[in-house]
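Pasted below: upload-v6.txt, compact mmCIF, C-alpha atoms.
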# COMPACT_ATOMS: atom_id res chain seq x y z
CA MET O 180 79.07 98.24 111.05
CA ILE O 181 75.86 98.19 109.01
CA ASN O 182 75.53 96.52 105.62
CA ASN O 183 74.03 99.48 103.75
CA LYS O 184 73.62 97.50 100.54
CA VAL O 185 70.79 95.44 102.00
CA LEU O 186 67.29 96.26 103.25
CA SER O 187 65.52 93.42 105.07
CA ILE O 188 61.78 92.82 104.66
CA ILE O 189 60.31 90.31 107.12
CA LEU O 190 56.89 88.94 106.15
CA GLY O 191 54.66 88.54 109.16
CA GLY O 192 52.23 86.23 107.41
CA GLY O 193 48.47 86.39 107.25
CA GLN O 194 45.92 85.43 109.87
CA GLY O 195 48.07 82.53 111.09
CA SER O 196 45.07 80.21 111.23
CA ARG O 197 47.22 77.06 111.31
CA LEU O 198 48.77 78.25 114.60
CA TYR O 199 45.37 79.01 116.15
CA PRO O 200 44.67 79.51 119.06
CA LEU O 201 48.19 80.87 119.65
CA THR O 202 47.36 83.52 117.03
CA GLU O 203 43.91 84.33 118.39
CA ASN O 204 45.11 87.55 120.03
CA ARG O 205 48.53 88.09 118.44
CA SER O 206 50.18 87.98 115.02
CA LYS O 207 52.24 84.94 114.09
CA PRO O 208 55.64 86.69 114.50
CA ALA O 209 54.66 87.63 118.07
CA VAL O 210 54.04 84.03 119.21
CA PRO O 211 56.34 83.22 122.18
CA ILE O 212 58.98 80.55 121.51
CA ALA O 213 61.72 78.83 123.55
CA GLY O 214 60.48 80.21 126.86
CA LYS O 215 61.66 83.82 126.48
CA TYR O 216 61.70 84.79 122.79
CA ARG O 217 59.18 85.64 120.06
CA LEU O 218 59.19 84.09 116.59
CA VAL O 219 60.11 87.44 115.03
CA ASP O 220 63.32 87.48 117.11
CA ILE O 221 64.72 84.70 114.89
CA PRO O 222 64.89 86.54 111.52
CA ILE O 223 65.75 89.82 113.24
CA SER O 224 68.64 88.18 115.13
CA ASN O 225 69.90 86.52 111.93
CA CYS O 226 69.94 89.96 110.31
CA ILE O 227 71.72 91.63 113.25
CA ASN O 228 74.33 88.84 113.30
CA SER O 229 74.86 89.49 109.58
CA ASN O 230 75.23 93.28 110.16
CA ILE O 231 71.93 93.93 108.37
CA LYS O 232 70.28 96.42 110.69
CA ARG O 233 67.60 98.09 108.58
CA MET O 234 64.49 95.95 108.85
CA PHE O 235 60.78 96.22 108.15
CA VAL O 236 58.31 93.70 109.58
CA LEU O 237 55.08 93.48 107.54
CA THR O 238 51.90 92.38 109.29
CA GLN O 239 48.18 93.01 109.29
CA PHE O 240 46.53 90.82 111.95
CA ASN O 241 46.64 91.52 115.70
CA SER O 242 49.81 93.60 115.42
CA ALA O 243 49.59 95.40 118.81
CA SER O 244 51.55 92.71 120.70
CA LEU O 245 54.21 92.62 117.96
CA ASN O 246 54.50 96.42 117.96
CA LYS O 247 54.98 96.45 121.72
CA HIS O 248 57.64 93.73 121.63
CA ILE O 249 59.68 95.40 118.89
CA LYS O 250 59.37 98.85 120.50
CA ASN O 251 60.59 97.48 123.85
CA THR O 252 63.35 95.31 122.41
CA TYR O 253 65.24 96.75 119.44
CA HIS O 254 66.97 100.01 120.33
CA PHE O 255 69.94 101.15 118.28
CA SER O 256 72.26 104.13 118.67
CA PHE O 257 70.66 107.54 118.15
CA PHE O 258 73.43 108.26 115.64
CA SER O 259 72.89 105.02 113.70
CA SER O 260 70.70 104.39 110.66
CA ALA O 261 69.67 101.02 112.14
CA PHE O 262 65.97 100.33 112.79
CA VAL O 263 63.31 97.65 113.07
CA ASP O 264 59.92 99.06 111.99
CA VAL O 265 56.55 97.31 111.91
CA LEU O 266 54.43 98.09 108.85
CA ALA O 267 50.81 97.04 109.32
CA ALA O 268 48.48 96.98 106.32
CA GLU O 269 47.18 100.49 105.72
CA GLN O 270 44.74 102.18 103.38
CA THR O 271 46.37 104.61 100.97
CA ILE O 272 45.29 106.65 97.96
CA ASN O 273 46.56 103.80 95.76
CA SER O 274 45.09 100.91 97.72
CA GLY O 275 42.23 100.40 100.14
CA GLU O 276 42.70 96.66 100.52
CA TRP O 277 44.52 94.48 103.01
CA PHE O 278 47.55 92.50 101.89
CA GLN O 279 46.39 89.79 99.48
CA GLY O 280 49.61 87.74 99.66
CA THR O 281 53.36 87.98 100.25
CA ALA O 282 54.12 89.87 97.05
CA ASP O 283 51.13 92.17 97.50
CA ALA O 284 52.36 93.03 101.01
CA VAL O 285 55.71 94.10 99.54
CA ARG O 286 53.99 95.97 96.68
CA GLN O 287 51.75 97.98 99.00
CA SER O 288 54.73 98.88 101.22
CA MET O 289 57.19 99.80 98.46
CA HIS O 290 56.91 103.54 99.09
CA HIS O 291 58.33 102.95 102.59
CA PHE O 292 61.24 100.86 101.26
CA LEU O 293 62.14 103.30 98.50
CA ALA O 294 62.66 106.06 101.05
CA HIS O 295 65.94 104.25 101.81
CA ASP O 296 69.04 103.63 99.70
CA PHE O 297 69.78 99.94 99.06
CA GLU O 298 71.00 97.61 96.31
CA TYR O 299 69.38 94.38 97.47
CA ALA O 300 66.13 93.50 99.22
CA LEU O 301 66.39 90.50 101.54
CA ILE O 302 62.90 89.04 101.95
CA LEU O 303 62.38 86.72 104.93
CA SER O 304 59.60 84.77 106.58
CA GLY O 305 58.61 85.65 110.13
CA ASP O 306 57.76 82.08 111.18
CA GLN O 307 60.88 79.96 110.66
CA LEU O 308 63.49 78.62 113.06
CA TYR O 309 67.07 78.67 111.75
CA GLN O 310 70.46 80.41 112.05
CA MET O 311 72.00 81.68 108.82
CA ASP O 312 74.77 84.09 107.89
CA PHE O 313 73.07 86.12 105.17
CA ASN O 314 76.41 87.62 104.11
CA GLU O 315 77.38 84.30 102.53
CA MET O 316 74.15 84.24 100.53
CA ILE O 317 74.62 87.90 99.49
CA GLN O 318 78.21 87.17 98.43
CA ALA O 319 77.06 84.23 96.30
CA HIS O 320 74.35 86.44 94.76
CA GLU O 321 76.85 89.16 93.82
CA THR O 322 79.51 86.77 92.55
CA SER O 323 77.09 84.93 90.27
CA GLY O 324 75.61 88.12 88.81
CA ALA O 325 72.11 86.87 89.68
CA GLU O 326 69.08 89.15 89.78
CA ILE O 327 67.27 86.91 92.27
CA SER O 328 68.60 84.38 94.77
CA ILE O 329 66.52 81.80 96.62
CA ALA O 330 67.71 79.97 99.73
CA THR O 331 67.03 76.26 99.20
CA TYR O 332 66.95 73.32 101.58
CA PRO O 333 67.34 69.63 100.67
CA VAL O 334 64.26 67.62 101.70
CA ASP O 335 63.14 64.00 101.36
CA ALA O 336 60.26 62.70 99.25
CA LYS O 337 57.79 62.86 102.13
CA ASP O 338 58.37 66.58 102.72
CA ALA O 339 58.87 67.55 99.06
CA THR O 340 55.12 67.51 98.33
CA SER O 341 54.62 70.34 100.86
CA PHE O 342 57.13 72.80 99.36
CA GLY O 343 58.01 74.62 96.18
CA ILE O 344 60.63 72.36 94.54
CA LEU O 345 63.19 73.53 92.00
CA LYS O 346 65.89 72.22 89.65
CA THR O 347 69.26 73.85 88.91
CA ASN O 348 72.04 73.58 86.35
CA ASP O 349 75.74 72.98 87.17
CA GLU O 350 76.17 76.65 88.15
CA ASN O 351 73.29 76.53 90.69
CA VAL O 352 71.11 78.66 88.42
CA ILE O 353 67.47 77.66 88.77
CA THR O 354 66.00 76.27 85.56
CA SER O 355 62.54 75.11 86.66
CA PHE O 356 60.18 75.36 89.62
CA ILE O 357 57.04 73.51 90.73
CA GLU O 358 54.79 74.31 93.69
CA LYS O 359 53.92 71.36 95.97
CA PRO O 360 54.40 68.59 93.37
CA ASP O 361 52.46 65.34 93.46
CA ALA O 362 54.55 62.38 94.67
CA SER O 363 54.31 60.78 91.21
CA LEU O 364 56.26 63.72 89.70
CA LEU O 365 59.19 63.63 92.13
CA PRO O 366 61.54 61.35 90.10
CA ASP O 367 61.88 64.20 87.59
CA TRP O 368 62.86 66.70 90.29
CA ILE O 369 65.92 65.04 91.86
CA SER O 370 68.76 67.58 92.30
CA ASN O 371 72.49 67.55 92.92
CA VAL O 372 73.00 67.74 96.69
CA SER O 373 75.92 66.93 98.99
CA ASP O 374 76.82 63.34 99.85
CA GLU O 375 75.54 63.88 103.39
CA MET O 376 72.14 64.98 102.09
CA GLN O 377 72.01 62.09 99.60
CA ASN O 378 72.75 59.60 102.37
CA SER O 379 69.84 61.08 104.33
CA GLY O 380 67.51 60.61 101.34
CA ARG O 381 67.15 64.37 100.88
CA HIS O 382 67.33 64.60 97.08
CA TYR O 383 64.95 67.51 96.43
CA LEU O 384 65.65 71.25 96.71
CA ALA O 385 62.86 73.10 98.49
CA SER O 386 62.45 76.87 98.54
CA MET O 387 62.89 78.21 102.06
CA GLY O 388 60.92 81.36 101.29
CA ILE O 389 64.11 83.44 101.73
CA TYR O 390 64.84 85.67 98.72
CA ILE O 391 67.32 88.30 97.57
CA PHE O 392 66.12 90.66 94.84
CA ASN O 393 68.12 93.33 93.05
CA LYS O 394 66.37 96.58 93.86
CA ASP O 395 65.62 97.57 90.25
CA LEU O 396 64.11 94.18 89.44
CA LEU O 397 61.97 94.17 92.58
CA VAL O 398 60.58 97.60 91.69
CA LYS O 399 59.83 96.38 88.16
CA LEU O 400 58.11 93.20 89.35
CA MET O 401 56.05 95.08 91.92
CA ASN O 402 54.79 97.42 89.21
CA GLU O 403 53.26 94.46 87.40
CA GLU O 404 49.67 94.03 88.49
CA GLY O 405 47.92 90.72 89.02
CA THR O 406 50.55 88.94 91.13
CA VAL O 407 50.02 88.60 94.87
CA ASP O 408 52.36 85.81 96.01
CA PHE O 409 56.11 85.19 95.65
CA GLY O 410 56.13 81.41 95.82
CA LYS O 411 53.13 80.75 93.59
CA GLU O 412 53.48 83.53 91.01
CA ILE O 413 56.50 85.85 91.13
CA ILE O 414 59.24 83.19 91.38
CA PRO O 415 57.90 80.71 88.76
CA ARG O 416 57.53 83.53 86.22
CA ALA O 417 60.81 85.30 87.09
CA ILE O 418 63.11 82.30 86.59
CA GLU O 419 62.14 82.19 82.91
CA LYS O 420 63.32 85.78 82.30
CA HIS O 421 65.82 86.62 85.06
CA LYS O 422 68.93 84.85 86.32
CA THR O 423 67.89 83.19 89.58
CA LEU O 424 70.44 81.53 91.84
CA SER O 425 69.87 78.65 94.27
CA TYR O 426 71.77 79.18 97.52
CA GLN O 427 71.82 75.76 99.17
CA TYR O 428 71.60 75.73 102.97
CA GLU O 429 72.16 72.54 104.96
CA GLY O 430 71.95 73.71 108.59
CA TYR O 431 68.95 73.34 110.88
CA TRP O 432 65.77 74.89 109.50
CA THR O 433 62.11 74.31 110.24
CA ASP O 434 58.97 76.06 109.07
CA ILE O 435 56.68 76.80 112.03
CA GLY O 436 53.52 76.18 110.02
CA ASN O 437 51.20 74.45 112.46
CA ILE O 438 50.72 73.51 116.12
CA ASP O 439 52.54 70.18 115.71
CA SER O 440 55.70 71.69 114.15
CA PHE O 441 55.64 74.51 116.73
CA PHE O 442 55.39 72.02 119.59
CA GLU O 443 58.17 69.77 118.28
CA ALA O 444 60.49 72.73 117.57
CA ASN O 445 60.19 73.86 121.17
CA LEU O 446 60.62 70.41 122.70
CA GLY O 447 63.64 69.90 120.42
CA LEU O 448 65.43 72.58 122.46
CA THR O 449 65.58 70.11 125.37
CA ASP O 450 67.69 67.58 123.42
CA GLU O 451 71.21 66.81 124.67
CA ILE O 452 72.64 68.68 121.67
CA PRO O 453 69.78 70.73 120.18
CA GLN O 454 69.76 71.21 116.43
CA PHE O 455 68.83 74.84 117.02
CA ASN O 456 71.73 76.17 119.08
CA LEU O 457 70.78 78.93 121.51
CA TYR O 458 74.28 78.79 123.02
CA ASP O 459 76.30 79.93 119.99
CA ASN O 460 78.41 83.02 120.72
CA ASP O 461 78.42 84.04 117.05
CA GLN O 462 74.74 83.41 116.31
CA ARG O 463 72.98 84.88 119.31
CA ILE O 464 69.22 85.20 119.48
CA TYR O 465 68.18 88.63 120.77
CA THR O 466 65.00 89.50 122.61
CA ASN O 467 63.55 91.85 125.21
CA ALA O 468 66.16 92.31 127.97
CA ARG O 469 63.78 91.87 130.90
CA VAL O 470 64.99 92.53 134.43
CA LEU O 471 63.92 89.29 136.13
CA PRO O 472 65.19 87.40 139.17
CA THR O 473 66.84 84.01 138.90
CA SER O 474 64.57 80.97 138.89
CA LYS O 475 63.93 79.19 142.22
CA ILE O 476 63.48 75.40 142.18
CA SER O 477 62.67 73.32 145.26
CA GLY O 478 62.52 69.51 145.49
CA THR O 479 62.04 68.98 141.74
CA LEU O 480 63.47 66.17 139.60
CA LEU O 481 64.46 67.77 136.29
CA ASP O 482 65.28 65.84 133.11
CA LYS O 483 65.93 67.43 129.72
CA THR O 484 64.20 70.63 130.73
CA VAL O 485 64.81 74.26 129.75
CA ILE O 486 63.80 76.85 132.35
CA ALA O 487 63.68 80.60 131.68
CA ASP O 488 64.17 83.47 134.14
CA GLY O 489 62.01 84.34 137.12
CA CYS O 490 60.32 80.98 137.72
CA ILE O 491 59.16 79.56 141.08
CA ILE O 492 58.97 75.77 140.85
CA HIS O 493 58.01 73.22 143.51
CA ALA O 494 56.99 70.42 141.12
CA ALA O 495 57.79 66.77 141.82
CA LYS O 496 59.05 66.16 138.29
CA ILE O 497 59.54 68.03 135.02
CA GLU O 498 60.63 66.04 131.97
CA ARG O 499 61.40 67.13 128.37
CA SER O 500 59.69 70.48 128.77
CA VAL O 501 60.31 74.17 128.13
CA ILE O 502 59.27 76.40 131.04
CA GLY O 503 58.87 80.08 130.17
CA ILE O 504 59.46 83.30 132.09
CA ARG O 505 57.79 83.86 135.49
CA SER O 506 56.26 80.37 135.48
CA ARG O 507 54.92 78.93 138.72
CA ILE O 508 54.40 75.19 139.30
CA GLY O 509 52.99 73.85 142.57
CA GLU O 510 54.05 70.97 144.81
CA GLU O 511 53.70 67.31 143.79
CA SER O 512 52.90 68.21 140.18
CA THR O 513 54.31 66.31 137.19
CA VAL O 514 54.96 68.02 133.85
CA ILE O 515 56.01 65.92 130.82
CA LYS O 516 56.54 67.07 127.22
CA CYS O 517 55.06 70.51 127.71
CA TYR O 518 55.77 74.03 126.53
CA MET O 519 54.73 76.49 129.24
CA MET O 520 55.00 80.04 127.87
CA GLY O 521 54.98 81.65 131.31
CA ASN O 522 53.42 84.85 132.60
CA ASP O 523 53.51 88.55 131.81
CA HIS O 524 53.63 89.54 135.49
CA TYR O 525 53.62 88.14 139.03
CA GLU O 526 50.61 87.92 141.34
CA LEU O 527 50.52 90.80 143.85
CA LEU O 528 51.53 89.56 147.30
CA GLU O 529 48.72 91.54 148.96
CA ASP O 530 46.16 89.88 146.66
CA VAL O 531 47.51 86.47 147.63
CA GLU O 532 47.46 87.28 151.37
CA GLN O 533 43.89 88.59 151.15
CA GLN O 534 42.90 85.47 149.17
CA LYS O 535 41.67 87.54 146.25
CA VAL O 536 43.38 85.06 143.94
CA LYS O 537 41.40 81.81 143.77
CA ILE O 538 43.65 80.06 141.23
CA PHE O 539 47.27 81.18 140.86
CA MET O 540 48.80 81.86 137.48
CA GLY O 541 50.69 78.73 136.47
CA ILE O 542 50.15 75.10 137.41
CA GLY O 543 48.67 74.22 140.80
CA GLU O 544 49.50 71.39 143.19
CA ARG O 545 49.23 67.64 142.51
CA CYS O 546 48.64 68.16 138.77
CA PHE O 547 49.62 65.84 135.92
CA ILE O 548 50.27 67.73 132.66
CA LYS O 549 51.51 65.92 129.52
CA ASN O 550 51.68 66.85 125.80
CA VAL O 551 50.39 70.35 126.48
CA ILE O 552 51.11 73.91 125.32
CA LEU O 553 50.17 76.45 127.98
CA ASP O 554 49.82 79.95 126.56
CA LYS O 555 50.62 83.05 128.62
CA ASN O 556 48.96 83.72 132.00
CA CYS O 557 47.10 80.40 132.26
CA ARG O 558 45.66 79.37 135.64
CA ILE O 559 45.59 75.62 136.24
CA GLY O 560 43.87 74.66 139.51
CA ASP O 561 45.00 71.97 141.94
CA ASP O 562 44.55 68.27 141.08
CA VAL O 563 44.09 68.91 137.34
CA ARG O 564 44.97 66.05 134.98
CA ILE O 565 45.63 66.85 131.31
CA ASN O 566 46.95 63.87 129.35
CA GLY O 567 47.40 64.84 125.71
CA GLY O 568 47.99 62.25 123.01
CA SER O 569 46.61 60.55 119.93
CA HIS O 570 43.72 59.13 121.96
CA LEU O 571 42.15 62.62 122.11
CA LYS O 572 39.88 63.89 119.33
CA ASP O 573 40.22 67.42 117.94
CA LYS O 574 38.11 69.76 120.02
CA GLU O 575 37.72 73.39 121.06
CA THR O 576 36.21 74.94 124.19
CA SER O 577 36.41 78.46 125.61
CA SER O 578 39.56 77.56 127.57
CA TYR O 579 41.43 74.91 125.55
CA PHE O 580 41.96 73.53 122.06
CA ILE O 581 42.99 70.01 121.00
CA LYS O 582 44.75 69.46 117.67
CA ASP O 583 46.53 66.24 116.64
CA GLY O 584 46.63 65.10 120.25
CA ILE O 585 48.29 68.31 121.51
CA VAL O 586 46.26 70.19 124.12
CA VAL O 587 46.64 73.99 123.91
CA ILE O 588 45.48 75.91 126.96
CA LYS O 589 44.43 79.33 125.69
CA LYS O 590 45.93 82.61 126.86
CA ASP O 591 44.50 83.82 130.21
CA ALA O 592 42.41 80.63 130.54
CA TYR O 593 41.14 79.23 133.85
CA ILE O 594 41.12 75.46 134.32
CA PRO O 595 39.17 74.68 137.53
CA LYS O 596 40.63 72.38 140.19
CA GLY O 597 40.02 68.69 139.59
CA THR O 598 39.50 69.07 135.81
CA ILE O 599 40.37 66.01 133.69
CA ILE O 600 41.15 66.35 129.95
What would the structure in this file look like if it were written as structure tokens?
Amino acid sequence: MINNKVLSIILGGGQGSRLYPLTENRSKPAVPIAGKYRLVDIPISNCINSNIKRMFVLTQFNSASLNKHIKNTYHFSFFSSAFVDVLAAEQTINSGEWFQGTADAVRQSMHHFLAHDFEYALILSGDQLYQMDFNEMIQAHETSGAEISIATYPVDAKDATSFGILKTNDENVITSFIEKPDASLLPDWISNVSDEMQNSGRHYLASMGIYIFNKDLLVKLMNEEGTVDFGKEIIPRAIEKHKTLSYQYEGYWTDIGNIDSFFEANLGLTDEIPQFNLYDNDQRIYTNARVLPTSKISGTLLDKTVIADGCIIHAAKIERSVIGIRSRIGEESTVIKCYMMGNDHYELLEDVEQQKVKIFMGIGERCFIKNVILDKNCRIGDDVRINGGSHLKDKETSSYFIKDGIVVIKKDAYIPKGTII
């Protein structure tokens, strides 16, 4: 059954510069996560699990990879009204500019949305990791008679300065909003949160960038020129004139804003009981249903490691790492705290036999790899040592990038045998 009241709009973000170099050749929603998924699979799966199956994904940078993934992944019945469509920025008679912000992206795409019947627009970010039943938020929106609802997340003082923070009255109606407040202002922005959140020191309500708008109000707001962003402009102005509800969410949620948060979110999947649960029957994460063989592992000591389909592993040891699809790791190699995205295809056997392949895709033999993100189709030669950590300075070369001690091997990069980083 499809929730025909709701149309979902997933914001693909801008250039994704904070996730560079992972966004060098792909849009942010297309970045691989958890070994076999893409970031965009998270909001799409949340929608499908909530029976919201009419979705637009808005993007403008490097959208070819995202288009291919969505085309190959999300197929609904021919007799269904369900769809997932990518809308890249386009020149029209009314606008010749690229999207200038989140609200401007929605404004420029409104003619596509209005071709469909809906009562509520559910606006989501394409770069967050969480599992939410949107039906509960929609029910709270309807029951309260709100015109706008904002999903909010309790945060502590350290994180509060990085988010839009809001205050509510006793009925969870938002009364005031401030974008990224200075630490000195925080005592005035303490909110009513659950006892569990209070005990964790999370006293401040942050906007998650997840919104519900009544259709008529969204159309009205989008007709007002001069506003380009929801968080900085639309929301602060709207709460003064329109009833805006805070829907408080206390499950796992993280904003994949930079390389560090991306790295930690992936490694978090290796925890004994991960906060982001990929094994929940009711909150499944959907992705491309590839036809891959089972993974083959020989002589490897594994500890807190997640391994995707189709891998061939002969490593000595893999610890607290996520190993993506079709990965290959050679003998006597050690991999610690790494996210290996895997490969798009296997080497041809005839090329291997004829020694046309000098360095195999994956990690070679006798390597030591620690605190590293390996993008797709990397080739790491034998006897390579990459030891990421705070001792390394930020740096970029043609084949790798170092940020905050995390070494990112770029997509399709070659790292010659014997290299030390």
Please report the interatomic distance between atom CA of Met519 of chain O and atom CA of Ile552 of chain O in Å with one decimal. 5.9 Å
Close residues, segment 410-416 of chain O itself excluded, 12 Å, all atoms listed in the file, min 3 positions apart in chain, as number ranges by chain: O: 280-283, 285-286, 302, 304, 326-329, 342-346, 353-359, 385-392, 396-397, 399-407, 419-425
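Within 10 Å of His382 of chain O, once only C-alpha atoms are used and residues closer than 5 positions along the same chain are dropped, the contacting residues are Tyr332, Pro333, Val334, Asp335, Ala336, Ala339, Leu365, Pro366, Trp368, Ile369, Ser370, Asn371, Val372, Ser373, Asp374, Met376 and Gln377 of chain O.
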Have a look at O:Lys516, O:Lys596, O:His570, O:Lys207 and name the one nearest to Ala243 of chain O; count only C-alpha atoms.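 With only C-alpha atoms as the atom set, the closest residue is O:Lys207.
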Work out how far apart atom CA of Cys490 of chain O and atom CA of Asp220 of chain O are and give it in Å to one decimal.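 Pair atom CA of Cys490 of chain O / atom CA of Asp220 of chain O returns 21.8 Å.
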Pick out the closest residue to Tyr579 of chain O from this set: O:Asn550, O:Gly447, O:Leu301, O:Pro200. Count only C-alpha atoms.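 Looking at the shortest contact to Tyr579 of chain O, the residue is O:Pro200.
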Distance of atom CA of Ile559 of chain O from atom CA of Cys546 of chain O, expressed in Å to one decimal place: 8.4 Å
Got a sec: who's within 12 Å of Phe455 of chain O, counting all atoms listed in the file, leaving out chain neighbours fewer than 4 positions off, as a list in words?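 The residues that qualify are Ala213, Ile221, Gln307, Leu308, Tyr309, Gln310, Met311, Gly430, Tyr431, Trp432, Thr433, Glu443, Ala444, Asn445, Leu446, Gly447, Leu448, Thr449, Asp450, Glu451, Asp459, Gln462, Arg463 and Ile464 of chain O.
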